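Structure file protein-v5.txt (compact mmCIF, C-alpha atoms) is printed below.
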# COMPACT_ATOMS: atom_id res chain seq x y z
CA MET A 1 80.83 49.83 135.82
CA LEU A 2 82.85 48.04 133.14
CA ARG A 3 86.31 46.70 133.97
CA HIS A 4 88.77 44.50 132.10
CA ALA A 5 88.82 41.10 133.81
CA ILE A 6 91.81 39.79 131.86
CA ALA A 7 93.57 42.29 129.62
CA PRO A 8 95.30 40.60 126.65
CA SER A 9 99.08 40.80 126.70
CA ARG A 10 99.71 39.61 123.09
CA ARG A 11 97.97 39.01 119.77
CA TYR A 12 95.71 42.05 119.98
CA THR A 13 95.03 45.13 117.84
CA LYS A 14 95.02 48.62 119.28
CA ALA A 15 91.80 50.33 118.21
CA SER A 16 91.70 54.08 117.75
CA HIS A 17 88.88 55.99 119.37
CA ASP A 18 88.41 57.72 116.00
CA VAL A 19 87.13 54.37 114.73
CA VAL A 20 85.42 52.84 117.77
CA ARG A 21 83.42 55.98 118.62
CA HIS A 22 82.84 57.23 115.09
CA PRO A 23 79.18 58.36 114.92
CA ARG A 24 78.77 57.59 111.19
CA LEU A 25 80.28 54.10 111.10
CA GLY A 26 78.14 51.05 111.73
CA SER A 27 79.26 47.98 113.65
CA ASP A 28 80.09 46.04 110.46
CA ALA A 29 82.25 48.88 109.16
CA LYS A 30 84.13 49.18 112.47
CA VAL A 31 84.72 45.42 112.76
CA LEU A 32 85.91 45.20 109.16
CA LEU A 33 88.30 48.14 109.56
CA LEU A 34 89.77 46.78 112.81
CA HIS A 35 90.14 43.34 111.23
CA VAL A 36 92.09 44.78 108.27
CA GLN A 37 94.20 46.90 110.63
CA GLY A 38 95.61 43.81 112.34
CA LEU A 39 96.39 41.80 109.20
CA PRO A 40 99.86 40.28 108.77
CA GLU A 41 101.95 41.12 105.74
CA ASP A 42 101.13 37.92 103.85
CA GLN A 43 97.39 38.77 103.79
CA ALA A 44 97.70 42.38 102.65
CA GLY A 45 97.15 41.42 99.00
CA GLN A 46 93.58 40.17 99.51
CA ALA A 47 90.63 42.34 98.54
CA LEU A 48 88.47 43.98 101.17
CA SER A 49 85.48 41.88 100.11
CA GLU A 50 87.41 38.66 100.88
CA HIS A 51 88.15 39.80 104.42
CA ALA A 52 84.49 40.80 104.84
CA ARG A 53 83.42 37.35 103.61
CA ASN A 54 85.65 35.71 106.21
CA LEU A 55 83.88 37.78 108.87
CA GLY A 56 80.42 36.86 107.56
CA ILE A 57 79.74 40.36 106.19
CA THR A 58 78.35 39.80 102.71
CA GLY A 59 75.74 41.17 100.32
CA ARG A 60 74.04 44.42 101.20
CA ALA A 61 75.66 44.48 104.65
CA TYR A 62 79.12 44.58 103.04
CA GLN A 63 78.08 47.23 100.50
CA LYS A 64 76.71 49.43 103.31
CA ALA A 65 79.84 48.99 105.45
CA LYS A 66 82.16 49.75 102.51
CA LYS A 67 80.13 52.84 101.56
CA GLN A 68 80.45 54.20 105.10
CA LEU A 69 84.21 53.62 105.12
CA VAL A 70 84.66 55.31 101.73
CA GLU A 71 82.45 58.32 102.53
CA ASN A 72 84.28 58.98 105.80
CA GLY A 73 87.80 58.68 104.34
CA PHE A 74 88.88 55.34 105.84
CA VAL A 75 88.97 53.45 102.50
CA HIS A 76 90.26 54.79 99.19
CA GLU A 77 90.19 52.96 95.85
CA ARG A 78 92.20 53.67 92.71
CA ARG A 79 91.97 51.97 89.35
CA ARG A 80 95.21 51.32 87.47
CA GLN A 81 96.12 49.49 84.28
CA ALA A 82 98.05 46.30 84.84
CA GLY A 83 99.97 44.28 82.31
CA ARG A 84 98.52 42.89 79.07
CA GLY A 85 95.56 45.26 79.00
CA HIS A 86 94.10 44.25 82.36
CA TRP A 87 92.88 46.66 85.01
CA ALA A 88 93.40 46.34 88.74
CA THR A 89 91.91 48.11 91.75
CA ASP A 90 94.15 49.17 94.64
CA GLN A 91 92.44 49.57 97.99
CA LEU A 92 93.96 51.64 100.79
CA CYS A 93 92.64 51.28 104.36
CA SER A 94 93.55 53.73 107.10
CA ASN A 95 92.67 53.86 110.80
CA VAL A 96 92.23 57.66 110.54
CA PRO A 97 90.32 59.59 107.84
CA LEU A 98 92.48 60.58 104.87
CA THR A 99 91.71 63.04 102.11
CA ALA A 100 92.02 62.02 98.49
CA GLU A 101 95.35 63.87 98.19
CA GLN A 102 96.76 62.23 101.33
CA ALA A 103 95.67 58.79 100.11
CA ARG A 104 97.30 59.40 96.74
CA ARG A 105 100.60 60.30 98.41
CA VAL A 106 100.48 57.14 100.50
CA GLN A 107 99.69 54.96 97.49
CA ASP A 108 102.50 56.58 95.52
CA GLY A 109 104.96 55.97 98.34
CA LEU A 110 105.30 59.68 99.17
CA VAL A 111 104.78 59.20 102.92
CA VAL A 112 106.27 62.11 104.81
CA ALA A 113 107.78 61.91 108.30
CA PRO A 114 105.35 62.30 111.19
CA GLU A 115 104.65 65.85 112.21
CA PRO A 116 105.22 67.08 115.76
CA GLN A 117 101.48 67.26 116.47
CA PRO A 118 100.08 63.79 117.20
CA SER A 119 96.61 64.83 116.10
CA THR A 120 97.74 65.45 112.53
CA ARG A 121 99.61 62.19 111.91
CA GLU A 122 98.55 60.00 109.01
CA ARG A 123 98.35 56.25 109.42
CA ALA A 124 97.89 53.82 106.57
CA VAL A 125 96.92 50.32 107.64
CA GLY A 126 97.20 48.27 104.49
CA GLN A 127 96.71 48.11 100.75
CA PRO A 128 96.15 45.15 98.39
CA GLY A 129 99.16 44.48 96.20
CA VAL A 130 101.99 46.51 97.71
CA ARG A 131 101.46 47.18 101.39
CA ALA A 132 101.86 50.88 102.22
CA ALA A 133 102.63 51.84 105.79
CA GLY A 134 102.41 55.26 107.34
CA ASP A 135 104.07 56.50 110.49
CA SER A 136 102.24 54.36 113.05
CA LEU A 137 104.66 52.67 115.42
CA PRO A 138 104.62 48.96 116.31
CA VAL A 139 102.59 47.92 119.31
CA GLU A 140 105.73 47.28 121.36
CA GLU A 141 107.00 50.84 120.73
CA GLU A 142 103.78 52.78 121.10
CA ARG A 143 103.38 52.63 124.84
CA GLU A 144 100.55 54.24 126.73
CA LYS A 145 98.84 53.70 130.04
CA ASN A 146 95.79 51.45 130.13
CA SER A 147 92.82 52.55 132.19
CA PRO A 148 89.88 50.32 133.12
CA HIS A 149 87.51 53.30 132.95
CA PRO A 150 86.47 54.85 129.62
CA PRO A 151 87.13 58.60 129.27
CA SER A 152 84.26 60.90 130.12
CA GLU A 153 82.54 62.82 127.34
CA PRO A 154 81.15 66.03 128.84
CA GLU A 155 80.76 67.66 125.45
CA ALA A 156 78.66 64.80 124.11
CA GLU A 157 76.46 64.82 127.21
CA ALA A 158 75.95 68.59 127.02
CA GLU A 159 75.12 68.32 123.37
CA ALA A 160 72.51 65.59 124.04
CA GLU A 161 70.88 67.71 126.75
CA ALA A 162 70.75 70.75 124.48
CA GLU A 163 69.32 68.62 121.70
CA ALA A 164 66.61 67.22 123.98
CA GLY A 165 65.48 70.71 124.99
CA ARG A 166 65.49 72.09 121.48
CA ASP A 167 62.27 72.65 119.54
CA SER A 168 61.61 69.67 117.27
CA THR A 169 59.59 71.68 114.74
CA PRO A 170 61.98 74.08 112.98
CA GLY A 171 60.73 76.79 110.63
CA PRO A 172 60.64 76.48 106.85
CA GLU A 173 63.98 78.23 106.36
CA LEU A 174 65.70 75.91 108.84
CA LYS A 175 64.23 72.86 107.12
CA VAL A 176 65.55 74.04 103.74
CA THR A 177 69.04 74.78 105.02
CA GLU A 178 69.17 71.56 107.04
CA ARG A 179 68.39 69.51 103.93
CA LEU A 180 70.96 71.51 101.97
CA LEU A 181 73.68 70.88 104.55
CA LEU A 182 72.91 67.15 104.63
CA SER A 183 73.13 67.01 100.82
CA LEU A 184 76.69 68.41 100.76
CA ARG A 185 77.98 64.85 101.22
CA HIS A 186 76.99 64.18 97.59
CA ALA A 187 79.20 67.05 96.40
CA THR A 188 82.25 65.90 98.38
CA PRO A 189 82.63 63.27 101.13
CA GLN A 190 84.74 65.75 103.10
CA LEU A 191 81.57 67.71 103.99
CA HIS A 192 79.65 64.72 105.36
CA LEU A 193 77.41 65.86 108.24
CA GLY A 194 75.19 64.02 110.64
CA VAL A 195 71.59 65.06 111.33
CA ARG A 196 72.44 66.77 114.61
CA GLU A 197 75.45 68.51 113.11
CA ALA A 198 73.38 69.87 110.22
CA ARG A 199 70.67 71.01 112.63
CA ARG A 200 73.18 73.02 114.66
CA LEU A 201 74.45 74.79 111.54
CA ALA A 202 71.01 75.33 109.96
CA GLU A 203 70.43 78.64 111.76
CA LEU A 204 73.69 80.11 110.42
CA ALA A 205 72.79 78.98 106.90
CA ALA A 206 69.23 80.32 107.25
CA GLU A 207 70.62 83.82 107.78
CA TRP A 208 72.04 83.62 104.24
CA ILE A 209 68.56 82.84 102.89
CA ARG A 210 67.09 85.77 104.83
CA ARG A 211 69.62 88.08 103.19
CA GLY A 212 68.48 87.14 99.69
CA ILE A 213 71.02 84.41 98.83
CA THR A 214 69.58 81.51 96.83
CA THR A 215 70.18 77.90 97.82
CA THR A 216 72.26 77.38 94.65
CA ASP A 217 74.61 80.25 95.54
CA LEU A 218 74.80 79.04 99.15
CA ARG A 219 75.76 75.53 98.03
CA ARG A 220 78.43 76.97 95.71
CA ALA A 221 79.86 79.11 98.53
CA LEU A 222 80.17 76.10 100.85
CA THR A 223 81.62 73.57 98.38
CA SER A 224 83.97 75.70 96.25
CA GLU A 225 87.68 76.36 96.91
CA LEU A 226 88.17 73.68 99.56
CA PRO A 227 91.61 73.66 101.25
CA PRO A 228 94.17 71.59 99.29
CA GLU A 229 95.17 69.61 102.39
CA GLY A 230 91.54 68.54 102.88
CA VAL A 231 88.83 69.29 105.43
CA ARG A 232 89.64 67.78 108.81
CA SER A 233 86.35 68.75 110.48
CA ALA A 234 83.28 69.28 108.34
CA VAL A 235 81.39 71.00 111.17
CA GLY A 236 84.20 73.42 111.99
CA PHE A 237 84.93 74.22 108.35
CA LEU A 238 81.29 74.92 107.46
CA ARG A 239 80.69 76.98 110.62
CA HIS A 240 83.74 79.15 109.86
CA ARG A 241 82.70 79.66 106.23
CA LEU A 242 79.07 80.46 107.12
CA VAL A 243 80.20 83.11 109.60
CA GLN A 244 83.15 84.63 107.75
CA LYS A 245 81.59 84.77 104.27
CA LEU A 246 78.14 85.94 105.40
CA PRO A 247 77.01 88.60 102.88
CA GLU A 248 75.84 92.03 103.93
CA PRO A 249 72.11 92.54 104.47
CA PRO A 250 70.20 94.17 101.61
CA GLU A 251 69.99 97.93 101.74
CA VAL A 252 66.63 99.32 102.89
CA PRO A 253 65.79 102.95 101.96
CA VAL A 254 65.61 105.07 105.10
CA PRO A 255 63.03 107.89 105.03
CA THR A 256 64.35 111.40 105.59
CA ILE A 257 63.73 112.48 109.16
CA GLY A 258 61.80 115.75 109.50
CA ARG A 259 60.66 115.90 105.86
CA PRO A 260 57.18 114.73 104.90
CA ALA A 261 56.83 112.47 101.93
CA THR A 262 56.09 114.31 98.65
CA PRO A 263 52.46 113.68 97.64
CA PRO A 264 51.82 112.49 94.08
CA ARG A 265 51.24 115.26 91.53
CA VAL A 266 47.58 115.76 90.56
CA ARG A 267 46.95 117.13 87.08
CA GLU A 268 44.73 120.16 86.74
CA LEU A 269 41.33 120.18 85.06
CA VAL A 270 41.31 121.36 81.42
CA PRO A 271 38.29 122.25 79.27
CA CYS A 272 37.24 119.72 76.64
CA ALA A 273 37.25 120.89 73.00
CA GLY A 274 34.51 118.46 72.00
CA PRO A 275 30.91 119.36 71.02
CA GLY A 276 28.05 119.80 73.45
CA GLU A 277 27.96 121.66 76.72
CA ASP A 278 31.20 122.96 78.20
CA HIS A 279 32.86 120.43 80.47
CA VAL A 280 36.32 119.75 81.87
CA PHE A 281 38.49 116.64 82.40
CA ARG A 282 41.93 115.66 83.76
CA ALA A 283 44.29 115.04 80.86
CA VAL A 284 46.86 112.24 81.13
CA GLY A 285 49.02 113.63 78.33
CA ASP A 286 48.45 116.40 75.78
CA GLU A 287 44.95 115.30 74.70
CA THR A 288 42.32 118.02 74.14
CA HIS A 289 39.20 115.85 74.19
CA CYS A 290 37.83 113.83 77.06
CA ALA A 291 37.40 110.08 76.76
CA PRO A 292 33.64 110.13 75.89
CA CYS A 293 34.21 112.74 73.18
CA ARG A 294 37.09 110.73 71.71
CA GLN A 295 34.92 107.64 71.61
CA GLU A 296 32.07 109.54 69.93
CA GLU A 297 34.49 111.04 67.40
CA ALA A 298 35.85 107.59 66.58
CA ARG A 299 32.34 106.18 66.06
CA ALA A 300 31.48 109.08 63.71
CA PHE A 301 34.68 108.53 61.72
CA TRP A 302 34.03 104.83 61.13
CA ALA A 303 30.38 105.46 60.29
CA ALA A 304 31.39 107.95 57.59
CA ARG A 305 33.95 105.49 56.27
CA ALA A 306 31.32 102.79 55.99
CA ALA A 307 28.95 105.12 54.16
CA THR A 308 31.67 105.98 51.63
CA TYR A 309 32.25 102.30 50.89
CA ALA A 310 28.51 101.75 50.48
CA GLN A 311 28.25 104.44 47.73
CA GLN A 312 30.93 102.82 45.55
CA PRO A 313 29.73 100.65 42.60
CA PRO A 314 29.62 96.94 43.20
CA HIS A 315 32.78 95.03 42.48
CA ILE A 316 32.85 93.09 39.18
CA PRO A 317 35.11 90.02 39.04
CA TRP A 318 37.92 90.23 36.49
CA ARG A 319 36.66 87.27 34.49
CA GLU A 320 33.31 88.98 33.89
CA ARG A 321 35.07 92.22 32.98
CA VAL A 322 37.29 90.42 30.41
CA ALA A 323 34.28 88.67 28.90
CA SER A 324 32.39 91.99 28.69
CA LEU A 325 35.29 93.69 26.91
CA ALA A 326 35.65 90.80 24.47
CA ALA A 327 31.94 91.00 23.61
CA ASN A 328 32.00 94.80 23.13
CA PRO A 329 35.39 95.76 21.60
CA ALA A 330 34.13 99.32 21.07
CA GLU A 331 34.26 99.94 24.84
CA THR A 332 38.06 99.61 24.78
CA ALA A 333 38.45 102.49 22.29
Can I see the file as structure tokens?
Amino acid sequence: MLRHAIAPSRRYTKASHDVVRHPRLGSDAKVLLLHVQGLPEDQAGQALSEHARNLGITGRAYQKAKKQLVENGFVHERRRQAGRGHWATDQLCSNVPLTAEQARRVQDGLVVAPEPQPSTRERAVGQPGVRAAGDSLPVEEEREKNSPHPPSEPEAEAEAEAEAGRDSTPGPELKVTERLLLSLRHATPQLHLGVREARRLAELAAEWIRRGITTTDLRRALTSELPPEGVRSAVGFLRHRLVQKLPEPPEVPVPTIGRPATPPRVRELVPCAGPGEDHVFRAVGDETHCAPCRQEEARAFWAARAATYAQQPPHIPWRERVASLAANPAETA
């Protein structure tokens, strides 16, 4: 059992559980965000990379930590044109995820008063250049009781047990929809899902595929017309949209009860008008001769045509004919 031996009474930063227990933030990203959260005013103008360098987070480790913070809405960057043709980058760090619209309002100084619900309050920690502050209260004013025991997580434990008992070899449709749900993060960071979250929603998405919806149309249905205030929970938003916008199943023709199916129509036998003994055949259209008689008639036609060509005089080239007429002018009279 973990207990605080000596709880600090000053010079400490209050860490939100949204950051400490975030499943998609690594240790470097969490340490960097908590470090920036407790910065004094005179260090708010430094870039995020400088603070990471002071913590020993450099190179690929810093790039990975920054990418996680940006994808999950904790860091927002905006390019602006400074004086004399130079460009500057403003970085906004928040201890709760912010949408792009909420970050823009904070950077523009349009910070609204805190709403009555504590779960919907926006907090901006710092920003290089001009420090922007949200509605978070100072440490002395934001009192709460400290407990030496961490809160229990029954939902997380139940989810882990259900995940352990689940079949690890999903069908082909579930694999396709699971990959599609995981790829939504590339369309918008607001729909970033973890592997377990995508696996829980894969069955709902697979029902769309079974009803004839293509993966392209499914992706468009999930990523289009997002709420203007942003998506607060990617799992809840996608589950609601998969259930509420589920298309109707394709119509299947139902056979008439009590009536036998109509057998295909069989054409009657008709006598053949060709030579030889009398015989009959089944006509497809309005033909009067059977197939063998038509073939024999065609062979006779082309044989007579060839004989006619053979009886014609041989062809004389025009040069020989001109020379013959020039030698015998009397033939032209």
Query - Proximity to Gln295 in chain A - best of A:Arg239, A:Gly274, A:Pro247, A:Ala202, all atoms listed in the file - result: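 Smallest distance to Gln295 in chain A is found for A:Gly274.
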Query raised in the report: Which residues come within 10 Å of range 67-70 of chain A, counting all atoms listed in the file, excluding same-chain residues fewer than 2 positions away, as a list in words?
Result: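 Near range 67-70 of chain A, the qualifying residues are Arg24, Leu25, Gly26, Asp28, Ala29, Lys30, Leu32, Leu33, Ala61, Tyr62, Gln63, Lys64, Ala65, Asn72, Gly73, Phe74, Val75, His76, Glu77, Cys93, Ser94, Pro97, Leu98 and Pro189 of chain A.
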Grab the residues selected above and save them as a compact mmCIF listing (two decimals), keeping the file's coordinate frame with C-alpha atoms.
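Wrote out04.txt, looks like this:
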# COMPACT_ATOMS: atom_id res chain seq x y z
CA ARG A 24 78.77 57.59 111.19
CA LEU A 25 80.28 54.10 111.10
CA GLY A 26 78.14 51.05 111.73
CA ASP A 28 80.09 46.04 110.46
CA ALA A 29 82.25 48.88 109.16
CA LYS A 30 84.13 49.18 112.47
CA LEU A 32 85.91 45.20 109.16
CA LEU A 33 88.30 48.14 109.56
CA ALA A 61 75.66 44.48 104.65
CA TYR A 62 79.12 44.58 103.04
CA GLN A 63 78.08 47.23 100.50
CA LYS A 64 76.71 49.43 103.31
CA ALA A 65 79.84 48.99 105.45
CA ASN A 72 84.28 58.98 105.80
CA GLY A 73 87.80 58.68 104.34
CA PHE A 74 88.88 55.34 105.84
CA VAL A 75 88.97 53.45 102.50
CA HIS A 76 90.26 54.79 99.19
CA GLU A 77 90.19 52.96 95.85
CA CYS A 93 92.64 51.28 104.36
CA SER A 94 93.55 53.73 107.10
CA PRO A 97 90.32 59.59 107.84
CA LEU A 98 92.48 60.58 104.87
CA PRO A 189 82.63 63.27 101.13
Query raised in the report: If we count only C-alpha atoms, what is near Leu34 in chain A at a cut-off of 8 Å, once residues fewer than 5 positions away on the same chain are taken out, given as a PyMOL selection string?
Result: chain A and resi 13+15+95
Query raised in the report: How many Å lie between CA of Ser183 in chain A and CA of Pro250 in chain A, rounded to one decimal?
Result: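 Computing the Euclidean distance for CA of Ser183 in chain A and CA of Pro250 in chain A yields 27.3 Å.
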Query raised in the report: Do you know which residues lie at most 12 Å from (84.1, 65.7, 110.1), with coordinates as in the file and only C-alpha atoms counted, and could you write them as a PyMOL selection string?
Result: chain A and resi 18+22-24+71-73+96-99+185+188-194+197-198+230-239
Report task. Measure the distance from CA of His289 in chain A to CA of Arg267 in chain A in Å and round it to one decimal. Result ->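 For CA of His289 in chain A relative to CA of Arg267 in chain A, the distance reads 15.1 Å.
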Report summary line: Between A:Val36, A:His240, A:Lys66, A:Arg219, smallest distance to Asn54 in chain A by only C-alpha atoms belongs to A:Val36
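We find CA of Ser27 in chain A and CA of Tyr12 in chain A to be spaced 18.6 Å apart.
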Query raised in the report: Ala88 in chain A: which residues within 9 Å, counting all atoms listed in the file, same-chain residues fewer than 3 positions away excluded, as number ranges by chain?
Result: A: 78-82
Could you complete range 200-214 of chain A so that it carries N, CA, C and O atoms, and give it back as a short mmCIF file (atom, residue, chain, number, x, y, z; two decimals), in the frame of the given file?
data_model
loop_
_atom_site.label_atom_id
_atom_site.label_comp_id
_atom_site.auth_asym_id
_atom_site.auth_seq_id
_atom_site.Cartn_x
_atom_site.Cartn_y
_atom_site.Cartn_z
N ARG A 200 72.51 71.93 113.94
CA ARG A 200 73.18 73.02 114.66
C ARG A 200 73.63 74.13 113.72
O ARG A 200 73.69 75.29 114.12
N LEU A 201 73.98 73.78 112.49
CA LEU A 201 74.45 74.79 111.54
C LEU A 201 73.33 75.39 110.70
O LEU A 201 73.57 76.33 109.94
N ALA A 202 72.10 74.86 110.82
CA ALA A 202 71.01 75.33 109.96
C ALA A 202 70.67 76.79 110.21
O ALA A 202 70.33 77.51 109.28
N GLU A 203 70.77 77.25 111.46
CA GLU A 203 70.43 78.64 111.76
C GLU A 203 71.41 79.60 111.10
O GLU A 203 71.02 80.65 110.58
N LEU A 204 72.71 79.26 111.10
CA LEU A 204 73.69 80.11 110.42
C LEU A 204 73.43 80.15 108.93
O LEU A 204 73.56 81.21 108.30
N ALA A 205 73.08 79.00 108.34
CA ALA A 205 72.79 78.98 106.90
C ALA A 205 71.49 79.69 106.58
O ALA A 205 71.35 80.30 105.51
N ALA A 206 70.50 79.64 107.50
CA ALA A 206 69.23 80.32 107.25
C ALA A 206 69.39 81.83 107.16
O ALA A 206 68.62 82.50 106.46
N GLU A 207 70.39 82.37 107.86
CA GLU A 207 70.62 83.82 107.78
C GLU A 207 71.02 84.22 106.36
O GLU A 207 70.69 85.33 105.92
N TRP A 208 71.72 83.34 105.64
CA TRP A 208 72.04 83.62 104.24
C TRP A 208 70.77 83.73 103.41
O TRP A 208 70.64 84.62 102.55
N ILE A 209 69.81 82.82 103.64
CA ILE A 209 68.56 82.84 102.89
C ILE A 209 67.79 84.12 103.20
O ILE A 209 67.18 84.74 102.31
N ARG A 210 67.80 84.54 104.46
CA ARG A 210 67.09 85.77 104.83
C ARG A 210 67.70 87.00 104.18
O ARG A 210 67.02 88.01 104.03
N ARG A 211 68.96 86.92 103.83
CA ARG A 211 69.62 88.08 103.19
C ARG A 211 69.58 88.01 101.67
O ARG A 211 70.33 88.70 100.99
N GLY A 212 68.72 87.16 101.14
CA GLY A 212 68.48 87.14 99.69
C GLY A 212 69.36 86.21 98.90
O GLY A 212 69.33 86.27 97.66
N ILE A 213 70.15 85.34 99.54
CA ILE A 213 71.02 84.41 98.83
C ILE A 213 70.22 83.15 98.49
O ILE A 213 69.52 82.59 99.33
N THR A 214 70.29 82.71 97.24
CA THR A 214 69.58 81.51 96.83
C THR A 214 70.30 80.26 97.34
O THR A 214 71.48 80.30 97.72
#
